>>> print(open('data.txt').read())   # compact mmCIF, C-alpha atoms
# COMPACT_ATOMS: atom_id res chain seq x y z
CA MET B 47 112.03 101.88 87.32
CA THR B 48 115.37 100.41 88.25
CA ALA B 49 115.95 97.64 90.76
CA SER B 50 117.26 100.05 93.42
CA ASN B 51 114.28 102.42 93.20
CA PRO B 52 112.33 102.52 96.46
CA GLY B 53 108.77 102.97 95.19
CA ALA B 54 107.76 106.12 93.36
CA GLU B 55 111.07 107.85 92.88
CA VAL B 56 112.33 110.03 90.08
CA ARG B 57 115.95 111.14 89.82
CA ARG B 58 117.14 113.54 87.14
CA ARG B 59 120.27 115.61 86.46
CA LEU B 60 119.11 119.09 85.49
CA ASN B 61 121.19 121.67 83.70
CA ALA B 62 120.50 124.46 86.23
CA SER B 63 121.72 125.52 89.67
CA PRO B 64 119.95 124.18 92.81
CA GLU B 65 118.74 127.76 93.39
CA ARG B 66 116.93 127.84 90.04
CA VAL B 67 115.43 124.37 90.54
CA PHE B 68 114.38 125.27 94.08
CA ALA B 69 112.67 128.42 92.80
CA ALA B 70 110.66 126.28 90.38
CA PHE B 71 109.16 124.54 93.44
CA ALA B 72 108.87 127.65 95.61
CA ASP B 73 107.37 130.22 93.24
CA GLN B 74 103.66 129.88 92.50
CA GLY B 75 103.97 131.37 89.03
CA LEU B 76 106.71 128.88 88.10
CA VAL B 77 104.96 125.90 89.72
CA ALA B 78 101.89 126.62 87.58
CA GLN B 79 104.03 126.22 84.47
CA TRP B 80 105.39 122.73 85.06
CA LEU B 81 103.97 120.71 87.98
CA ARG B 82 101.73 118.45 85.90
CA PRO B 83 102.20 115.00 84.40
CA SER B 84 101.98 116.10 80.75
CA PRO B 85 101.41 119.24 78.66
CA ASP B 86 97.79 118.29 77.87
CA VAL B 87 96.86 118.34 81.58
CA ARG B 88 95.90 121.84 82.72
CA LEU B 89 97.07 122.89 86.18
CA THR B 90 95.29 125.60 88.16
CA VAL B 91 97.01 126.60 91.40
CA LEU B 92 94.13 127.24 93.82
CA GLU B 93 96.27 127.85 96.89
CA PHE B 94 100.01 128.14 97.42
CA ASP B 95 101.44 129.25 100.73
CA PHE B 96 105.10 128.26 100.51
CA ARG B 97 106.21 128.21 104.14
CA ILE B 98 106.44 125.46 106.78
CA GLY B 99 102.86 124.58 107.72
CA GLY B 100 101.51 126.47 104.70
CA ALA B 101 98.97 124.79 102.43
CA TYR B 102 98.77 124.24 98.69
CA ARG B 103 95.94 123.01 96.51
CA PHE B 104 96.12 122.13 92.83
CA ALA B 105 93.39 121.38 90.30
CA TYR B 106 94.32 119.19 87.35
CA ASP B 107 92.02 119.15 84.32
CA VAL B 108 92.61 116.24 81.98
CA PRO B 109 91.51 116.24 78.32
CA ASP B 110 88.59 113.82 78.91
CA GLY B 111 86.95 116.40 81.20
CA ARG B 112 87.84 114.87 84.54
CA ARG B 113 89.32 117.05 87.28
CA MET B 114 91.71 115.85 89.96
CA LEU B 115 92.19 117.93 93.10
CA VAL B 116 95.33 117.54 95.20
CA GLY B 117 96.33 119.33 98.37
CA GLY B 118 98.67 119.23 101.31
CA THR B 119 100.99 121.22 103.52
CA PHE B 120 104.68 122.03 103.42
CA ARG B 121 106.46 120.17 106.19
CA THR B 122 110.12 120.96 105.54
CA ILE B 123 111.64 123.81 103.57
CA GLU B 124 115.43 124.07 103.42
CA ALA B 125 116.51 126.34 100.56
CA PRO B 126 117.97 125.29 98.18
CA SER B 127 118.31 121.62 99.03
CA ARG B 128 115.17 120.03 100.50
CA ILE B 129 111.38 120.34 100.46
CA VAL B 130 108.92 117.92 102.06
CA PHE B 131 105.17 118.21 101.59
CA SER B 132 102.15 116.05 102.24
CA TRP B 133 100.03 114.94 99.29
CA ARG B 134 96.41 113.96 99.37
CA ILE B 135 94.09 113.51 96.42
CA GLU B 136 90.49 114.62 97.02
CA PRO B 137 87.31 112.61 96.25
CA PRO B 138 85.95 111.24 93.97
CA ASP B 139 89.34 109.98 92.78
CA GLU B 140 90.03 106.26 93.22
CA HIS B 141 93.05 107.15 95.36
CA ALA B 142 91.28 109.90 97.32
CA GLY B 143 92.12 110.35 100.98
CA ILE B 144 95.36 108.39 100.91
CA HIS B 145 98.00 110.08 103.04
CA SER B 146 101.35 110.36 101.37
CA GLU B 147 104.43 112.52 101.42
CA VAL B 148 106.70 113.92 98.75
CA THR B 149 110.38 114.57 99.47
CA VAL B 150 112.34 116.73 97.04
CA LYS B 151 116.13 116.68 97.30
CA LEU B 152 118.50 118.91 95.35
CA VAL B 153 122.24 118.28 95.20
CA ALA B 154 124.64 120.53 93.27
CA HIS B 155 127.03 118.87 90.80
CA GLY B 156 129.21 121.59 89.31
CA SER B 157 126.80 123.80 87.38
CA SER B 158 124.03 121.20 87.35
CA THR B 159 121.65 119.77 89.96
CA GLU B 160 120.67 116.25 90.79
CA LEU B 161 116.98 116.28 91.60
CA THR B 162 115.40 113.38 93.49
CA ILE B 163 111.66 113.24 94.10
CA ARG B 164 110.45 110.45 96.34
CA HIS B 165 106.75 109.88 96.91
CA ALA B 166 105.88 107.50 99.73
CA LYS B 167 102.62 106.40 101.22
CA PHE B 168 102.07 106.50 104.96
CA GLY B 169 99.50 104.64 106.96
CA ARG B 170 97.29 106.82 109.16
CA ALA B 171 99.07 105.54 112.26
CA ASP B 172 102.40 106.46 110.71
CA ALA B 173 101.51 109.87 109.35
CA ASP B 174 103.45 111.57 112.13
CA GLN B 175 105.87 108.91 113.26
CA ARG B 176 107.87 107.78 110.29
CA HIS B 177 109.26 104.38 109.57
CA GLU B 178 111.45 105.38 106.67
CA GLN B 179 113.39 102.12 106.72
CA GLY B 180 110.27 100.01 106.84
CA TRP B 181 108.51 101.86 104.07
CA ASN B 182 111.54 101.82 101.82
CA GLY B 183 111.85 98.09 102.31
CA ALA B 184 108.15 97.57 101.74
CA LEU B 185 108.22 99.48 98.48
CA ASP B 186 111.33 97.61 97.35
CA LEU B 187 109.57 94.34 98.00
CA LEU B 188 106.42 95.45 96.23
CA GLU B 189 108.38 96.42 93.19
CA ALA B 190 110.27 93.14 93.18
CA LEU B 191 107.00 91.22 93.42
CA LEU B 192 105.32 93.32 90.75
CA ARG B 193 108.25 92.80 88.40
CA LYS B 194 108.11 89.08 89.08
CA GLU B 195 104.38 89.00 88.36
CA THR B 196 104.85 90.88 85.12
CA ARG B 197 107.51 88.38 84.08
CA ASP B 198 105.33 85.43 85.07
CA GLY B 199 102.45 86.90 83.08
CA ASP B 200 104.52 87.21 79.89
CA MET U 198 87.30 105.55 102.20
CA HIS U 199 87.26 101.76 101.97
CA ARG U 200 90.09 101.78 99.49
CA GLU U 201 92.19 104.04 101.69
CA ALA U 202 91.73 101.72 104.66
CA ALA U 203 92.65 98.72 102.53
CA LEU U 204 95.80 100.38 101.21
CA ASP U 205 96.72 101.48 104.72
CA ARG U 206 96.47 97.90 105.90
CA THR U 207 98.57 96.68 102.98
CA PHE U 208 101.38 99.15 103.55
CA GLN U 209 101.20 98.67 107.31
CA ALA U 210 101.47 94.90 106.90
CA LEU U 211 104.43 95.33 104.57
CA ALA U 212 106.25 97.67 106.97
CA ASP U 213 107.60 94.74 109.02
CA PRO U 214 110.68 92.83 107.77
CA THR U 215 109.49 89.44 109.07
CA ARG U 216 106.16 89.81 107.31
CA ARG U 217 107.93 90.86 104.12
CA SER U 218 110.05 87.70 104.32
CA MET U 219 106.87 85.68 104.80
CA ILE U 220 105.40 87.19 101.64
CA GLN U 221 108.59 86.32 99.83
CA ALA U 222 108.46 82.75 101.18
CA LEU U 223 104.93 82.48 99.73
CA SER U 224 105.69 84.12 96.38
CA GLY U 225 105.51 82.14 93.16
CA GLY U 226 102.32 80.37 94.25
CA THR U 227 103.96 78.36 97.05
CA THR U 228 101.60 77.13 99.78
CA ARG U 229 103.07 76.66 103.25
CA SER U 230 101.73 75.61 106.62
CA ALA U 231 102.11 77.79 109.71
CA GLY U 232 104.62 75.22 111.01
CA GLU U 233 106.74 75.41 107.85
CA LEU U 234 106.74 79.20 108.00
CA GLY U 235 107.65 79.04 111.71
CA ALA U 236 110.62 76.74 111.02
CA HIS U 237 111.70 79.06 108.21
CA PHE U 238 111.84 82.10 110.52
CA ARG U 239 112.96 80.45 113.77
CA SER U 240 110.44 82.57 115.71
CA ALA U 241 108.08 81.40 118.44
CA GLN U 242 104.79 80.07 117.06
CA PRO U 243 102.64 82.80 118.72
CA THR U 244 104.80 85.44 116.99
CA ILE U 245 104.38 83.68 113.67
CA SER U 246 100.62 83.43 114.22
CA ARG U 247 100.41 87.12 114.98
CA HIS U 248 102.27 88.05 111.80
CA LEU U 249 100.11 85.71 109.75
CA LYS U 250 96.96 87.32 111.17
CA VAL U 251 98.19 90.79 110.17
CA LEU U 252 98.93 89.59 106.64
CA GLU U 253 95.57 87.84 106.49
CA SER U 254 93.59 90.90 107.62
CA ALA U 255 95.44 92.96 104.98
CA ARG U 256 94.23 90.32 102.49
CA LEU U 257 97.82 89.70 101.43
CA ILE U 258 97.54 86.01 102.26
CA GLU U 259 94.73 83.46 102.40
CA ARG U 260 94.33 80.64 104.91
CA SER U 261 92.90 77.21 104.23
CA VAL U 262 92.36 74.65 106.95
CA GLU U 263 92.98 70.96 106.27
CA GLY U 264 92.22 69.06 109.46
CA ARG U 265 94.57 70.54 112.04
CA VAL U 266 96.92 72.05 109.47
CA HIS U 267 96.53 75.69 108.49
CA ARG U 268 98.01 76.44 105.09
CA PHE U 269 98.71 79.89 103.64
CA ARG U 270 99.06 81.24 100.15
CA LEU U 271 99.72 84.69 98.70
CA CYS U 272 96.85 86.79 97.25
CA PRO U 273 98.32 89.14 94.66
CA ALA U 274 95.24 91.45 94.51
CA ALA U 275 96.25 93.59 97.50
CA LEU U 276 99.77 93.89 96.12
CA ASP U 277 98.31 94.98 92.76
CA GLU U 278 96.32 97.78 94.44
CA ALA U 279 99.42 99.10 96.17
CA GLY U 280 101.31 98.72 92.89
CA ASP U 281 98.69 100.82 91.04
CA TRP U 282 99.17 103.63 93.50
CA ILE U 283 102.96 103.52 93.17
CA ARG U 284 102.89 103.31 89.36
CA ARG U 285 100.46 106.21 89.07
CA HIS U 286 102.66 108.50 91.16
CA GLN U 287 105.80 107.28 89.44
CA ALA U 288 104.29 108.30 86.09
CA PHE U 289 103.06 111.62 87.48
CA TRP U 290 106.48 112.69 88.74
CA ALA U 291 108.41 111.39 85.75
CA GLY U 292 106.11 113.50 83.56
CA ALA U 293 106.35 116.52 85.84
CA VAL U 294 110.16 116.42 85.82
CA ASP U 295 110.04 116.40 81.99
CA GLN U 296 107.96 119.60 82.19
CA LEU U 297 110.37 121.09 84.74
CA GLU U 298 113.36 120.31 82.53
CA GLN U 299 111.61 122.01 79.61
CA LEU U 300 110.78 125.08 81.70
CA LEU U 301 114.38 125.39 82.94
CA LYS U 302 115.60 125.23 79.33
CA GLU U 303 113.15 127.93 78.21
CA THR U 304 113.95 130.27 81.09
CA ASP U 305 117.75 129.86 80.90
CA GLN U 306 119.29 133.38 81.02
>>> encode(input="data.txt", output="structure tokens")
Amino acid sequence: MTASNPGAEVRRRLNASPERVFAAFADQGLVAQWLRPSPDVRLTVLEFDFRIGGAYRFAYDVPDGRRMLVGGTFRTIEAPSRIVFSWRIEPPDEHAGIHSEVTVKLVAHGSSTELTIRHAKFGRADADQRHEQGWNGALDLLEALLRKETRDGD
Amino acid sequence: MHREAALDRTFQALADPTRRSMIQALSGGTTRSAGELGAHFRSAQPTISRHLKVLESARLIERSVEGRVHRFRLCPAALDEAGDWIRRHQAFWAGAVDQLEQLLKETDQ
């Protein structure tokens, strides 16, 4: 994580057009092939209704036998540049029930695409009314403090 | 859902710039009185008290009372919990984008 990263954010230049990258998020068959944290985690797409208001649900099976279930709805779909969806892990996970939102941004750079995925947590009161500025700042601060703690602990 | 409520309170408390500055003023193990924090932020004392209460109920700070002086210090545990959540999702998406990159390579043309 770099100093400018507001919370959980991943940015990557991909050697593909925004249309191809967008399709990887929009097509159930493609999603099933990559949307997992590592190759040893098995993803089963239980539900995938790619339209605004449509729901998705994923099951992740990790090698130690545990299963994590995640679901949400698509809030914004703007092909081929932006997708926003809610993200909620189901019980009995330690982070179950926490409301969060994933924003995917695709920007063309010649024949490649800059992909940015930002994953932010929202309080229940803020699930509808967003405080983008506030959350960004909060996550920045958290990261700064966590870095500081890590340094202090060394 | 206890953990969810706790995390909600943490993020909610951190959503305000004054409260974030207060956390910063208390970082590094510094202990400050309500009066010192008030002077630092040039806000009215009731406003400062309100912010301190929000931070306290989110368990981000701890209050100790010495006579008439209320002193505050940072509790890193709530920050750690929020940090766990962020780090977990950071790792998830970094890994997923690796998989995506691989898939795009394999399906090129």
>>> axis_aligned_box(input="data.txt", around="range 210-227 of chain U", padding_each_side="3 Å", output="lines of an AutoDock Vina configuration file")
center_x = 106.1
center_y = 88.0
center_z = 101.1
size_x = 15.2
size_y = 25.3
size_z = 21.9
>>> closest_residue(input="data.txt", among="U:Glu253, U:Glu263, U:Glu298, U:Glu233", to="chain B", atoms="all atoms listed in the file")
U:Glu298
>>> atom_distance(input="data.txt", atom1="CA of Pro138 in chain B", atom2="CA of Pro109 in chain B")
17.3 Å
>>> atom_distance(input="data.txt", atom1="CA of Val108 in chain B", atom2="CA of Pro83 in chain B")
10.0 Å
>>> atom_distance(input="data.txt", atom1="CA of His267 in chain U", atom2="CA of Gln209 in chain U")
23.5 Å
>>> interface_residues(input="data.txt", of="chain U", to="chain B", cutoff="8 Å", atoms="all atoms listed in the file", output="MDAnalysis selection string")
chainID U and resid 198 200:201 205:206 208:209 211:214 217 224 276:277 279:280 282:284 286:294 296:298 300:302
>>> closest_residue(input="data.txt", among="U:Pro273, U:Pro243, U:Gly226, U:Gly235", to="Ala255 in chain U", atoms="only C-alpha atoms")
U:Pro273
>>> residues_around(input="data.txt", residues="Arg270 in chain U", least_positions_apart="4", cutoff="8 Å", atoms="all atoms listed in the file", output="PyMOL selection string")
chain U and resi 223+226-229+258-260
>>> closest_residue(input="data.txt", among="B:Thr119, B:Ser146, B:Thr90, B:Ser158", to="Asp107 in chain B", atoms="all atoms listed in the file")
B:Thr90
>>> residues_around(input="data.txt", residues="Ile123 in chain B", least_positions_apart="4", cutoff="12 Å", atoms="only C-alpha atoms", output="list of chain:residue names")
B:Phe68, B:Ala69, B:Phe71, B:Ala72, B:Asp95, B:Phe96, B:Arg97, B:Ile98, B:Gly99, B:Gly100, B:Thr119, B:Ser127, B:Arg128, B:Ile129, B:Val130, B:Phe131, B:Thr149, B:Val150, B:Lys151, B:Leu152
>>> closest_residue(input="data.txt", among="U:Lys250, U:Met219, U:Asp295, U:Arg265", to="Ala236 in chain U", atoms="all atoms listed in the file")
U:Met219
>>> residues_around(input="data.txt", residues="Tyr102 in chain B", least_positions_apart="5", cutoff="6 Å", atoms="all atoms listed in the file", output="compact mmCIF listing (two decimals) with C-alpha atoms, keeping the file's coordinate frame")
# COMPACT_ATOMS: atom_id res chain seq x y z
CA GLU B 93 96.27 127.85 96.89
CA PHE B 94 100.01 128.14 97.42
CA GLY B 117 96.33 119.33 98.37
CA GLY B 118 98.67 119.23 101.31
>>> closest_residue(input="data.txt", among="U:Gln299, U:Ala231, U:Thr304, U:Leu204", to="Leu257 in chain U", atoms="all atoms listed in the file")
U:Leu204
>>> decode(input="data.txt", residues="range 256-275 of chain U", atoms="C-alpha atoms", output="PDB file, in the first residue's frame")
ATOM      1  CA  ARG U 256     -13.725   2.813  22.005  1.00  0.00           C
ATOM      2  CA  LEU U 257     -11.142   4.793  20.058  1.00  0.00           C
ATOM      3  CA  ILE U 258     -10.173   6.774  23.145  1.00  0.00           C
ATOM      4  CA  GLU U 259     -10.234   6.164  26.892  1.00  0.00           C
ATOM      5  CA  ARG U 260     -11.040   8.694  29.606  1.00  0.00           C
ATOM      6  CA  SER U 261      -9.480   8.886  33.038  1.00  0.00           C
ATOM      7  CA  VAL U 262     -10.633  11.343  35.669  1.00  0.00           C
ATOM      8  CA  GLU U 263      -8.111  12.992  37.994  1.00  0.00           C
ATOM      9  CA  GLY U 264     -10.027  15.288  40.316  1.00  0.00           C
ATOM     10  CA  ARG U 265     -11.782  17.729  38.013  1.00  0.00           C
ATOM     11  CA  VAL U 266      -9.523  17.024  35.047  1.00  0.00           C
ATOM     12  CA  HIS U 267     -10.615  14.539  32.406  1.00  0.00           C
ATOM     13  CA  ARG U 268      -7.705  13.099  30.472  1.00  0.00           C
ATOM     14  CA  PHE U 269      -7.899  11.122  27.225  1.00  0.00           C
ATOM     15  CA  ARG U 270      -5.658   8.614  25.548  1.00  0.00           C
ATOM     16  CA  LEU U 271      -5.874   6.609  22.325  1.00  0.00           C
ATOM     17  CA  CYS U 272      -6.896   2.909  22.381  1.00  0.00           C
ATOM     18  CA  PRO U 273      -5.369   1.237  19.335  1.00  0.00           C
ATOM     19  CA  ALA U 274      -7.592  -1.902  19.517  1.00  0.00           C
ATOM     20  CA  ALA U 275     -10.529  -0.382  17.618  1.00  0.00           C
TER      21      ALA U 275
END
